[in-house]
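Asker: Input structure-v8.cif, format and content: mmCIF, C-alpha atoms and all ligand atoms.
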```cif
data_my_file
#
loop_
_atom_site.label_atom_id
_atom_site.label_comp_id
_atom_site.auth_asym_id
_atom_site.auth_seq_id
_atom_site.Cartn_x
_atom_site.Cartn_y
_atom_site.Cartn_z
CA MET H 1 26.75 -24.72 19.33
CA ILE H 2 25.70 -22.51 16.47
CA ASP H 3 22.50 -20.60 17.14
CA THR H 4 20.14 -18.11 15.60
CA GLN H 5 22.09 -15.33 17.24
CA THR H 6 25.18 -16.17 15.22
CA ALA H 7 23.24 -16.32 11.96
CA SER H 8 21.48 -13.10 12.85
CA SER H 9 24.78 -11.31 13.56
CA ALA H 10 26.16 -12.51 10.24
CA ILE H 11 23.04 -11.28 8.41
CA CYS H 12 23.24 -7.87 10.10
CA ALA H 13 26.93 -7.56 9.24
CA ALA H 14 26.20 -8.50 5.63
CA VAL H 15 23.47 -5.83 5.35
CA ASP H 16 25.73 -3.24 7.00
CA ALA H 17 28.50 -4.04 4.51
CA LEU H 18 26.06 -3.40 1.65
CA THR H 19 24.80 -0.06 3.01
CA PRO H 20 26.78 2.19 0.58
CA VAL H 21 25.56 0.16 -2.40
CA LEU H 22 22.02 0.13 -1.00
CA THR H 23 22.08 3.92 -0.64
CA GLY H 24 23.35 4.44 -4.18
CA PHE H 25 20.70 2.07 -5.55
CA LEU H 26 17.90 3.88 -3.73
CA GLN H 27 19.21 7.21 -5.06
CA ARG H 28 19.13 5.87 -8.62
CA LEU H 29 15.55 4.64 -8.16
CA VAL H 30 14.45 8.08 -6.92
CA GLN H 31 16.23 9.79 -9.81
CA SER H 32 14.00 7.86 -12.21
CA PRO H 33 10.67 9.75 -12.20
CA SER H 34 8.34 6.77 -12.36
CA LEU H 35 5.00 8.52 -12.64
CA PRO H 36 2.13 6.30 -13.83
CA ASN H 37 2.90 4.97 -17.31
CA GLN H 38 6.52 6.14 -16.93
CA GLU H 39 7.69 3.20 -14.83
CA HIS H 40 9.70 1.46 -17.57
CA ASP H 41 13.18 2.81 -16.77
CA VAL H 42 12.99 2.13 -13.05
CA GLN H 43 11.67 -1.37 -13.71
CA ALA H 44 14.68 -2.00 -15.98
CA LEU H 45 17.00 -0.98 -13.11
CA ILE H 46 15.25 -3.34 -10.73
CA ALA H 47 15.14 -6.24 -13.19
CA ALA H 48 18.89 -5.84 -13.82
CA ARG H 49 19.60 -5.83 -10.08
CA LEU H 50 17.51 -8.96 -9.49
CA GLU H 51 19.31 -10.72 -12.35
CA GLU H 52 22.66 -9.79 -10.82
CA LEU H 53 21.46 -11.50 -7.65
CA GLY H 54 20.86 -14.67 -9.65
CA LEU H 55 17.08 -14.57 -9.40
CA THR H 56 14.91 -15.80 -12.27
CA VAL H 57 13.27 -12.63 -13.54
CA ASP H 58 9.83 -12.50 -15.18
CA ILE H 59 8.73 -9.35 -17.00
CA ILE H 60 4.94 -9.28 -16.86
CA PRO H 61 2.98 -6.71 -18.85
CA THR H 62 -0.23 -5.37 -17.33
CA ARG H 63 -2.96 -5.69 -19.96
CA PHE H 64 -6.35 -4.27 -19.09
CA SER H 65 -7.97 -6.73 -21.51
CA GLU H 66 -6.85 -9.58 -19.21
CA LEU H 67 -8.17 -7.86 -16.07
CA ALA H 68 -11.37 -6.23 -17.29
CA ASP H 69 -13.65 -8.98 -15.95
CA HIS H 70 -12.01 -9.08 -12.54
CA PRO H 71 -14.19 -7.60 -9.77
CA SER H 72 -11.21 -5.70 -8.31
CA PHE H 73 -10.09 -4.19 -11.62
CA GLY H 74 -10.20 -0.42 -11.81
CA ASP H 75 -9.27 1.20 -15.13
CA ASP H 76 -6.78 3.83 -14.02
CA GLY H 77 -6.83 5.58 -17.38
CA PHE H 78 -3.16 4.92 -18.10
CA SER H 79 -1.69 2.82 -20.87
CA PRO H 80 -3.84 -0.35 -21.14
CA ASP H 81 -1.08 -2.74 -22.29
CA ALA H 82 2.41 -1.23 -22.20
CA ARG H 83 3.37 -1.17 -18.53
CA ILE H 84 5.46 -3.91 -16.98
CA ASN H 85 5.83 -5.60 -13.63
CA VAL H 86 9.00 -7.36 -12.53
CA VAL H 87 9.02 -10.56 -10.46
CA GLY H 88 12.29 -12.12 -9.34
CA ARG H 89 12.08 -15.67 -8.08
CA TRP H 90 14.65 -17.25 -5.79
CA ALA H 91 13.66 -20.89 -6.11
CA GLY H 92 13.55 -22.91 -2.93
CA ASP H 93 14.98 -26.40 -2.60
CA PRO H 94 12.37 -28.39 -0.63
CA SER H 95 14.95 -31.04 0.23
CA LEU H 96 16.66 -28.52 2.54
CA GLY H 97 13.58 -28.49 4.79
CA GLY H 98 12.54 -26.11 7.52
CA GLY H 99 10.62 -22.87 7.46
CA VAL H 100 6.92 -22.27 6.99
CA GLY H 101 6.47 -21.70 3.28
CA SER H 102 7.02 -19.34 0.37
CA LEU H 103 7.15 -15.56 0.71
CA ILE H 104 6.35 -12.58 -1.52
CA LEU H 105 8.08 -9.25 -0.91
CA ASN H 106 5.99 -6.66 -2.77
CA GLY H 107 6.49 -2.99 -3.57
CA HIS H 108 5.26 -0.48 -6.12
CA VAL H 109 7.49 1.74 -8.25
CA ASP H 110 4.85 4.21 -9.41
CA VAL H 111 4.88 7.55 -7.60
CA VAL H 112 2.45 10.44 -7.36
CA SER H 113 3.14 13.79 -9.01
CA ALA H 114 5.76 16.02 -7.37
CA GLY H 115 3.37 18.98 -7.71
CA ASP H 116 5.03 22.40 -7.88
CA ALA H 117 8.79 21.64 -7.89
CA ALA H 118 9.48 25.22 -6.75
CA LEU H 119 8.00 24.35 -3.34
CA TRP H 120 10.65 21.67 -2.74
CA ARG H 121 13.88 22.51 -0.88
CA LEU H 122 15.74 20.02 -3.11
CA PRO H 123 14.52 19.14 -6.61
CA PRO H 124 11.99 16.28 -6.37
CA TRP H 125 13.95 13.92 -8.65
CA SER H 126 17.38 14.75 -7.20
CA GLY H 127 17.74 11.64 -5.04
CA VAL H 128 20.20 13.64 -2.94
CA PHE H 129 21.80 11.80 0.00
CA GLU H 130 22.27 14.23 2.88
CA ASP H 131 22.49 13.76 6.66
CA GLY H 132 21.72 10.06 6.36
CA LYS H 133 18.57 10.64 4.31
CA VAL H 134 17.68 10.10 0.67
CA HIS H 135 15.44 12.88 -0.62
CA GLY H 136 12.89 13.00 -3.41
CA ARG H 137 9.50 11.91 -4.65
CA GLY H 138 9.06 8.19 -4.13
CA SER H 139 11.95 7.89 -1.65
CA CYS H 140 9.61 7.02 1.22
CA ASP H 141 6.61 5.77 -0.80
CA MET H 142 8.02 3.37 -1.57
CA LYS H 143 11.33 2.90 -3.29
CA ALA H 144 12.90 2.59 0.17
CA GLY H 145 10.78 -0.47 0.94
CA LEU H 146 11.64 -2.10 -2.38
CA THR H 147 15.32 -1.37 -1.78
CA ALA H 148 15.12 -2.92 1.70
CA GLY H 149 13.59 -6.09 0.22
CA ILE H 150 16.17 -6.33 -2.57
CA PHE H 151 19.12 -5.80 -0.21
CA ALA H 152 17.76 -8.30 2.30
CA LEU H 153 18.07 -10.84 -0.52
CA ALA H 154 21.48 -9.46 -1.57
CA ALA H 155 22.79 -9.92 1.98
CA LEU H 156 21.48 -13.48 2.15
CA ARG H 157 23.00 -14.22 -1.24
CA SER H 158 26.38 -12.98 -0.03
CA LEU H 159 26.16 -15.43 2.87
CA GLY H 160 25.50 -18.41 0.60
CA TYR H 161 21.91 -18.80 1.83
CA GLN H 162 19.71 -21.36 0.10
CA PRO H 163 15.96 -21.27 0.81
CA ALA H 164 13.77 -24.35 1.09
CA HIS H 165 10.72 -22.42 -0.18
CA ASP H 166 10.43 -19.88 -3.00
CA ILE H 167 11.02 -16.18 -2.39
CA LEU H 168 9.40 -13.75 -4.84
CA LEU H 169 10.43 -10.11 -5.07
CA GLN H 170 7.64 -8.24 -6.87
CA SER H 171 8.13 -4.73 -8.23
CA VAL H 172 4.76 -3.56 -9.53
CA ILE H 173 3.24 -0.59 -11.32
CA GLY H 174 -0.06 1.20 -10.82
CA GLU H 175 -0.54 0.96 -7.05
CA GLU H 176 -1.30 4.63 -6.53
CA SER H 177 -4.06 4.51 -9.14
CA GLY H 178 -5.79 1.33 -8.03
CA GLY H 179 -3.48 -1.68 -8.06
CA VAL H 180 -3.44 -3.01 -11.64
CA GLY H 181 0.16 -4.22 -11.27
CA THR H 182 -0.36 -6.41 -8.22
CA LEU H 183 -3.72 -7.57 -9.61
CA THR H 184 -1.86 -8.72 -12.74
CA THR H 185 0.49 -10.88 -10.66
CA ILE H 186 -2.48 -12.43 -8.83
CA VAL H 187 -4.39 -13.13 -12.04
CA LYS H 188 -1.23 -14.66 -13.57
CA GLY H 189 -1.02 -17.08 -10.65
CA TYR H 190 1.92 -15.73 -8.63
CA ARG H 191 1.30 -16.95 -5.10
CA ALA H 192 2.99 -17.48 -1.76
CA ASP H 193 2.20 -18.59 1.78
CA GLY H 194 2.84 -15.09 3.09
CA VAL H 195 3.20 -11.57 1.70
CA ILE H 196 5.03 -8.54 3.06
CA VAL H 197 3.97 -5.30 1.36
CA LEU H 198 6.93 -3.01 2.05
CA GLU H 199 4.93 0.24 2.34
CA PRO H 200 6.15 2.96 4.74
CA THR H 201 4.94 2.01 8.23
CA GLN H 202 7.87 3.25 10.33
CA GLN H 203 8.56 -0.44 11.01
CA GLN H 204 5.16 -0.96 12.56
CA ILE H 205 3.46 -4.22 11.65
CA CYS H 206 0.20 -3.28 9.94
CA PRO H 207 -2.04 -6.22 9.07
CA LEU H 208 -5.30 -4.22 8.95
CA GLN H 209 -6.46 -1.57 6.53
CA SER H 210 -9.62 0.36 5.86
CA GLY H 211 -11.16 0.56 2.42
CA ALA H 212 -12.38 3.54 0.42
CA LEU H 213 -15.20 3.92 -2.12
CA THR H 214 -15.35 6.87 -4.48
CA PHE H 215 -18.79 8.39 -5.02
CA ARG H 216 -20.55 11.23 -6.81
CA LEU H 217 -23.71 12.88 -5.55
CA THR H 218 -25.87 15.02 -7.81
CA VAL H 219 -28.51 17.24 -6.17
CA ARG H 220 -31.12 19.09 -8.20
CA GLY H 221 -32.77 22.39 -7.32
CA LYS H 222 -34.87 24.83 -9.36
CA ALA H 223 -33.31 27.84 -11.04
CA ALA H 224 -34.87 31.28 -10.62
CA HIS H 225 -33.74 34.88 -10.80
CA ALA H 226 -32.02 35.70 -7.52
CA ALA H 227 -34.38 38.64 -7.11
CA MET H 228 -37.21 36.10 -7.14
CA LYS H 229 -35.43 33.68 -4.81
CA ILE H 230 -38.65 32.32 -3.31
CA GLU H 231 -39.66 31.04 -6.76
CA GLY H 232 -36.58 28.80 -6.92
CA VAL H 233 -35.12 25.93 -4.89
CA SER H 234 -31.43 26.15 -4.12
CA ALA H 235 -29.54 22.92 -4.84
CA ILE H 236 -26.81 24.30 -2.55
CA GLY H 237 -29.24 24.49 0.39
CA LYS H 238 -30.48 20.96 -0.26
CA PHE H 239 -26.94 19.67 -0.60
CA LEU H 240 -25.98 21.23 2.75
CA LYS H 241 -28.76 19.28 4.51
CA ILE H 242 -27.37 16.08 3.04
CA TYR H 243 -23.82 17.13 3.87
CA ASP H 244 -24.71 17.59 7.56
CA ALA H 245 -26.35 14.16 7.68
CA VAL H 246 -23.30 12.54 6.08
CA GLU H 247 -21.00 14.24 8.61
CA ARG H 248 -23.20 12.90 11.45
CA LEU H 249 -23.06 9.42 9.91
CA ASP H 250 -19.27 9.63 9.82
CA GLN H 251 -19.11 10.53 13.51
CA GLU H 252 -21.66 7.89 14.53
CA ARG H 253 -19.84 5.16 12.60
CA HIS H 254 -16.57 6.03 14.33
CA ALA H 255 -18.28 6.17 17.74
CA ARG H 256 -19.52 2.60 17.17
CA TYR H 257 -16.21 1.14 15.94
CA HIS H 258 -13.63 0.20 18.54
CA ASN H 259 -10.25 -1.14 17.56
CA PRO H 260 -7.14 -0.18 19.52
CA ALA H 261 -4.97 -0.99 16.48
CA PHE H 262 -5.91 2.36 14.97
CA ASP H 263 -4.07 5.47 16.15
CA ASP H 264 -7.07 7.79 16.18
CA ALA H 265 -10.53 6.38 16.86
CA ARG H 266 -12.07 9.32 14.95
CA ASN H 267 -10.18 8.53 11.78
CA VAL H 268 -10.39 4.86 10.86
CA ALA H 269 -12.57 4.94 7.75
CA PRO H 270 -13.64 8.55 7.19
CA ILE H 271 -16.32 9.75 4.81
CA SER H 272 -15.00 12.89 3.18
CA ILE H 273 -16.43 15.05 0.43
CA GLY H 274 -13.54 16.38 -1.61
CA THR H 275 -15.15 18.47 -4.35
CA VAL H 276 -18.37 20.46 -4.59
CA ARG H 277 -19.39 22.17 -7.80
CA GLY H 278 -22.64 24.03 -7.74
CA GLY H 279 -24.61 26.86 -9.19
CA GLU H 280 -24.53 28.46 -12.60
CA TRP H 281 -24.27 32.18 -11.90
CA HIS H 282 -24.14 34.50 -8.90
CA SER H 283 -27.58 35.90 -9.50
CA THR H 284 -29.35 32.65 -10.26
CA VAL H 285 -30.72 30.30 -7.60
CA ALA H 286 -28.50 27.22 -7.93
CA GLU H 287 -30.03 24.51 -10.07
CA THR H 288 -27.43 21.76 -9.58
CA VAL H 289 -24.73 20.65 -7.13
CA VAL H 290 -22.33 17.83 -7.95
CA ALA H 291 -20.20 16.61 -5.05
CA GLU H 292 -17.54 13.91 -5.12
CA GLY H 293 -16.01 12.14 -2.18
CA ARG H 294 -14.77 8.94 -0.65
CA CYS H 295 -16.61 6.74 1.78
CA GLY H 296 -14.39 4.75 4.13
CA VAL H 297 -14.95 1.04 4.74
CA PHE H 298 -14.13 -0.31 8.21
CA PRO H 299 -12.16 -3.54 8.60
CA GLY H 300 -14.73 -6.33 8.69
CA GLU H 301 -17.32 -4.23 6.84
CA SER H 302 -18.25 -5.08 3.24
CA ASN H 303 -18.21 -2.50 0.47
CA GLU H 304 -21.92 -3.18 -0.02
CA ASP H 305 -22.74 -2.46 3.64
CA ALA H 306 -20.82 0.82 3.54
CA ARG H 307 -22.61 1.85 0.32
CA CYS H 308 -25.98 0.98 1.86
CA LEU H 309 -25.35 3.12 4.94
CA LEU H 310 -24.46 6.18 2.88
CA SER H 311 -27.43 5.74 0.60
CA GLU H 312 -29.82 5.20 3.55
CA THR H 313 -28.48 8.35 5.20
CA ILE H 314 -29.18 10.37 2.07
CA GLN H 315 -32.60 8.77 1.83
CA SER H 316 -33.35 9.78 5.44
CA VAL H 317 -32.92 13.44 4.40
CA VAL H 318 -35.01 12.90 1.26
CA ASP H 319 -37.82 11.42 3.37
CA THR H 320 -38.16 14.65 5.36
CA ASP H 321 -37.96 17.04 2.41
CA PRO H 322 -40.84 17.18 -0.10
CA TRP H 323 -38.68 18.80 -2.81
CA LEU H 324 -35.99 16.12 -2.53
CA ALA H 325 -38.67 13.41 -2.35
CA ALA H 326 -40.04 14.65 -5.68
CA ASN H 327 -36.54 15.26 -7.11
CA PRO H 328 -34.34 12.54 -5.56
CA PRO H 329 -30.60 13.12 -5.59
CA ARG H 330 -28.49 10.67 -7.58
CA LEU H 331 -25.71 8.70 -5.87
CA GLU H 332 -23.14 6.99 -8.12
CA TRP H 333 -20.11 4.88 -7.26
CA PHE H 334 -17.19 5.28 -9.64
CA GLU H 335 -13.40 4.81 -9.98
CA GLY H 336 -11.66 3.37 -6.91
CA GLN H 337 -13.78 0.85 -4.94
CA PHE H 338 -11.22 -0.46 -2.47
CA ALA H 339 -12.30 -3.03 0.09
CA SER H 340 -10.93 -3.13 3.62
CA ALA H 341 -8.67 -6.05 4.51
CA GLU H 342 -7.30 -7.81 7.53
CA THR H 343 -4.90 -10.62 8.38
CA PRO H 344 -5.63 -11.88 11.92
CA VAL H 345 -2.98 -10.67 14.37
CA ASP H 346 -2.51 -14.22 15.64
CA HIS H 347 -1.56 -15.49 12.16
CA PRO H 348 1.93 -17.06 11.99
CA LEU H 349 2.97 -14.43 9.41
CA ILE H 350 2.41 -11.70 11.99
CA HIS H 351 4.08 -13.30 14.98
CA THR H 352 7.00 -14.60 12.92
CA LEU H 353 7.62 -11.10 11.57
CA ALA H 354 7.22 -9.63 15.06
CA ALA H 355 9.85 -12.04 16.40
CA GLN H 356 12.37 -10.89 13.74
CA HIS H 357 11.64 -7.24 14.49
CA ARG H 358 12.24 -7.96 18.18
CA GLN H 359 15.54 -9.59 17.37
CA ILE H 360 16.79 -6.53 15.46
CA HIS H 361 15.38 -3.85 17.77
CA GLY H 362 15.25 -5.57 21.14
CA ALA H 363 11.72 -4.24 21.54
CA GLU H 364 8.17 -5.25 20.67
CA PRO H 365 6.89 -3.88 17.36
CA ALA H 366 3.69 -1.88 17.33
CA ILE H 367 0.85 -3.73 15.60
CA ARG H 368 -1.38 -1.16 13.94
CA GLY H 369 -4.16 -0.64 11.43
CA VAL H 370 -3.83 1.90 8.63
CA PRO H 371 -6.60 4.12 7.27
CA PHE H 372 -5.28 4.10 3.69
CA GLY H 373 -5.65 1.70 0.80
CA SER H 374 -2.80 -0.31 -0.73
CA ASP H 375 -2.22 -3.50 -2.68
CA MET H 376 -2.42 -5.50 0.56
CA ARG H 377 -6.20 -5.78 0.11
CA LEU H 378 -5.72 -7.49 -3.28
CA PHE H 379 -3.46 -10.17 -1.80
CA ILE H 380 -5.88 -10.83 1.07
CA ASN H 381 -9.27 -10.45 -0.63
CA ASP H 382 -8.52 -11.57 -4.18
CA GLY H 383 -5.39 -13.71 -3.84
CA HIS H 384 -6.48 -15.27 -0.52
CA MET H 385 -2.94 -14.95 0.84
CA PRO H 386 -2.05 -13.69 4.32
CA ALA H 387 -0.40 -10.29 3.93
CA VAL H 388 0.99 -7.50 6.09
CA HIS H 389 2.48 -4.03 5.62
CA TYR H 390 5.94 -3.52 7.07
CA GLY H 391 8.48 -1.03 5.78
CA PRO H 392 10.71 2.00 6.30
CA GLY H 393 9.56 5.61 6.26
CA ASP H 394 6.75 7.74 7.59
CA VAL H 395 3.56 7.66 5.53
CA ARG H 396 2.94 11.31 6.46
CA LEU H 397 5.90 12.18 4.18
CA ALA H 398 4.41 10.18 1.32
CA HIS H 399 2.77 12.33 -1.38
CA ALA H 400 4.12 15.44 0.43
CA VAL H 401 6.63 18.14 -0.52
CA ASP H 402 10.22 17.37 0.64
CA GLU H 403 9.60 13.62 0.89
CA PHE H 404 12.61 11.71 2.27
CA VAL H 405 13.57 8.48 3.97
CA ASP H 406 16.18 7.77 6.59
CA VAL H 407 18.69 5.22 5.27
CA ALA H 408 19.20 3.78 8.77
CA GLU H 409 15.56 2.76 8.71
CA VAL H 410 15.93 1.14 5.28
CA VAL H 411 18.92 -0.82 6.60
CA ALA H 412 17.00 -1.92 9.71
CA VAL H 413 14.10 -3.17 7.56
CA ALA H 414 16.51 -5.01 5.25
CA LYS H 415 17.87 -6.82 8.33
CA THR H 416 14.43 -7.72 9.71
CA VAL H 417 13.25 -8.88 6.28
CA ALA H 418 16.41 -10.98 5.78
CA LEU H 419 15.81 -12.70 9.14
CA MET H 420 12.16 -13.16 8.19
CA VAL H 421 13.11 -14.80 4.89
CA VAL H 422 15.37 -17.28 6.68
CA GLU H 423 12.76 -18.05 9.34
CA TRP H 424 9.80 -18.26 6.94
CA CYS H 425 11.44 -19.88 3.91
CA GLY H 426 13.73 -22.24 5.84
CA GLY H 427 16.70 -23.79 4.10
CA ARG H 428 20.36 -23.39 4.89
CA ILE H 429 22.82 -20.61 5.46
CA VAL H 430 26.50 -21.24 4.93
CA LEU H 431 28.94 -19.21 6.95
CA SER H 432 32.26 -20.36 5.66
CA PRO H 433 34.03 -22.45 6.83
CA LEU H 434 31.18 -23.74 8.98
CA HIS H 435 27.78 -24.80 7.75
CA TYR H 436 24.82 -23.67 9.75
CA ALA H 437 21.61 -25.49 9.17
CA LEU H 438 18.44 -23.53 9.81
CA SER H 439 16.19 -26.40 9.11
CA ASN H 440 14.26 -26.36 12.36
CA PRO H 441 11.93 -23.53 13.34
CA SER H 442 14.12 -22.32 16.21
CA GLY H 443 17.09 -22.25 13.92
CA ARG H 444 19.24 -24.14 16.41
CA ARG H 445 21.47 -26.82 14.90
CA MET H 446 25.01 -28.04 15.30
ZN ZN H 501 2.72 3.37 -1.43
#
```
Represent the supplied structure as structure tokens.
Answerer:
Amino acid sequence: MIDTQTASSAICAAVDALTPVLTGFLQRLVQSPSLPNQEHDVQALIAARLEELGLTVDIIPTRFSELADHPSFGDDGFSPDARINVVGRWAGDPSLGGGVGSLILNGHVDVVSAGDAALWRLPPWSGVFEDGKVHGRGSCDMKAGLTAGIFALAALRSLGYQPAHDILLQSVIGEESGGVGTLTTIVKGYRADGVIVLEPTQQQICPLQSGALTFRLTVRGKAAHAAMKIEGVSAIGKFLKIYDAVERLDQERHARYHNPAFDDARNVAPISIGTVRGGEWHSTVAETVVAEGRCGVFPGESNEDARCLLSETIQSVVDTDPWLAANPPRLEWFEGQFASAETPVDHPLIHTLAAQHRQIHGAEPAIRGVPFGSDMRLFINDGHMPAVHYGPGDVRLAHAVDEFVDVAEVVAVAKTVALMVVEWCGGRIVLSPLHYALSNPSGRRM
């Protein structure tokens, strides 16, 4: 009797055998500083690796002209037609049978700035491997996740696996600045029956995410000589009244929302004002304040509803203030307008992934929501595909100084993802000299 356990042991052994190569590959990815619009070199590395694995590789340029009419397009200000996405396809053979359907493994190669390199213990693009960890900008967010996906496929390839349904490995650009890479793949028609976005989740299964809407608020006052303060109206004072009301709204919204999938009930979809610029001179009553911030969107809430609540809150202050009523503040929505997204926790994608996690770890995975945006929302809301985050690394290290990822975690995710591919995409695995069919959902066959 050949069972799932045997196949699973073989897959784990195959991933373990590849660990030195996996580590070296991740180091090389980190050593390529793929800031926005500088993703070309790292994409070439990934395309070459996918070709070595025998995948059919598509190089897909992101062209803003082809996205401009899409409701989820956000012009991120970087090169409008010169950046490329890489999609490797491992074609399934439907005659092999089994499994649920096709699968996309998605990750982004763009990274955020390293900031002041002098603050880092190791140089941000060093990719140093030390004490089991790979260090550098992008190691955790999220070259580790991409590496785990690629080496899951490499391990399966080494075992002679043949899927019944297509597997797509997508390496995209532009996630940090709004998602133009993944949106390109959706607009070009790349689809699957399930998507794993390999973002750093510490191997928690995260099928929910909040959204975020960027806004600008302009408040007008009346300038006067500071010595004649009572002749003027301070825009700073008026702004502070609005600020207090917005803070209260943030607290009330969180008090009303209950979802145990989020770690901290006070921080699911925060409204935060990030910049305030006001006043013209120290001895002039401030004429103008311009504040910019982000308004969170709760799972299940529409962008429009969240916008309405903020604008009604501002209006409630205006209604009690004759100056503001006569000089209404202006609220504008600009740049990132990211919707929230959710795949139901009882979806087969979630429980199938949870079962593979259990098999590798011998424990239940945590199923959590995340308060940050990612390309998952585009798959769910625009591509209408079930999607989930699952990957190695701690998101608290992402975008931070001294970012790193633990290679053991990358290896564990590669194993879980490899098992997931076999379970989800069906087909056949060949463990010479015996042939193991995995063509029924339980994987049990003589
Ligand atoms: Zn990321």
Asker: Can you list every residue of chain H that has an atom at most 6 Å from ligand ZN 501 (chain H), with its nearest atom pair and the distance in Å to one decimal, using all atoms listed in the file, ordered by chain then number, as JSON lines?
Answerer:
```
{"residue": "H:Asp141", "atom": "CA", "partner": "H:ZN501", "partner_atom": "ZN", "distance": 4.6}
{"residue": "H:Met142", "atom": "CA", "partner": "H:ZN501", "partner_atom": "ZN", "distance": 5.3}
{"residue": "H:Glu199", "atom": "CA", "partner": "H:ZN501", "partner_atom": "ZN", "distance": 5.4}
```
Asker: Residues of the last selection are to be written out with C-alpha atoms, as a PDB file, in the coordinates of the input.
Answerer:
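Saved the output as again_37.pdb:
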```pdb
ATOM      1  CA  ASP H 141       6.610   5.770  -0.800  1.00  0.00           C
ATOM      2  CA  MET H 142       8.020   3.370  -1.570  1.00  0.00           C
ATOM      3  CA  GLU H 199       4.930   0.240   2.340  1.00  0.00           C
TER       4      GLU H 199
END
```
Asker: So, with all atoms listed in the file as the atoms that count, which of H:Ile242, H:Ala212, H:Val289, H:Ala325 lies closest to Glu304 in chain H?
Answerer: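 The answer is H:Ala212, which sits nearest to Glu304 in chain H.
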Asker: Within 9 Å of Ala255 in chain H, counting only C-alpha atoms, which residues qualify if same-chain residues fewer than 4 places away don't, as JSON, numbers by chain?
Answerer: {"H": [250, 251, 265, 266]}
Asker: Which residue, H:Ala226, H:Leu18, H:Ala154, H:Ile186, has the smallest gap to Glu52 in chain H when you use all atoms listed in the file?
Answerer: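 Using all atoms listed in the file, Glu52 in chain H sits closest to H:Ala154.
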Asker: As a PyMOL selection string, please: the residues near Leu53 in chain H (cut-off 12 Å, all atoms listed in the file, same-chain neighbours under 5 positions excluded).
Answerer: chain H and resi 46-48+88-90+150-158+160-161+169
Asker: For CA of Phe298 in chain H and CA of Ala269 in chain H, quote the distance in Å rounded to one decimal.
Answerer: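 Interatomic distance here is 5.5 Å.
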Asker: My list of candidates is H:Thr4, H:Ser9, H:Ser113, H:Thr19. Which is closest to Pro33 in chain H when distances are computed with all atoms listed in the file?
Answerer: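 With all atoms listed in the file as the atom set, the closest residue is H:Ser113.
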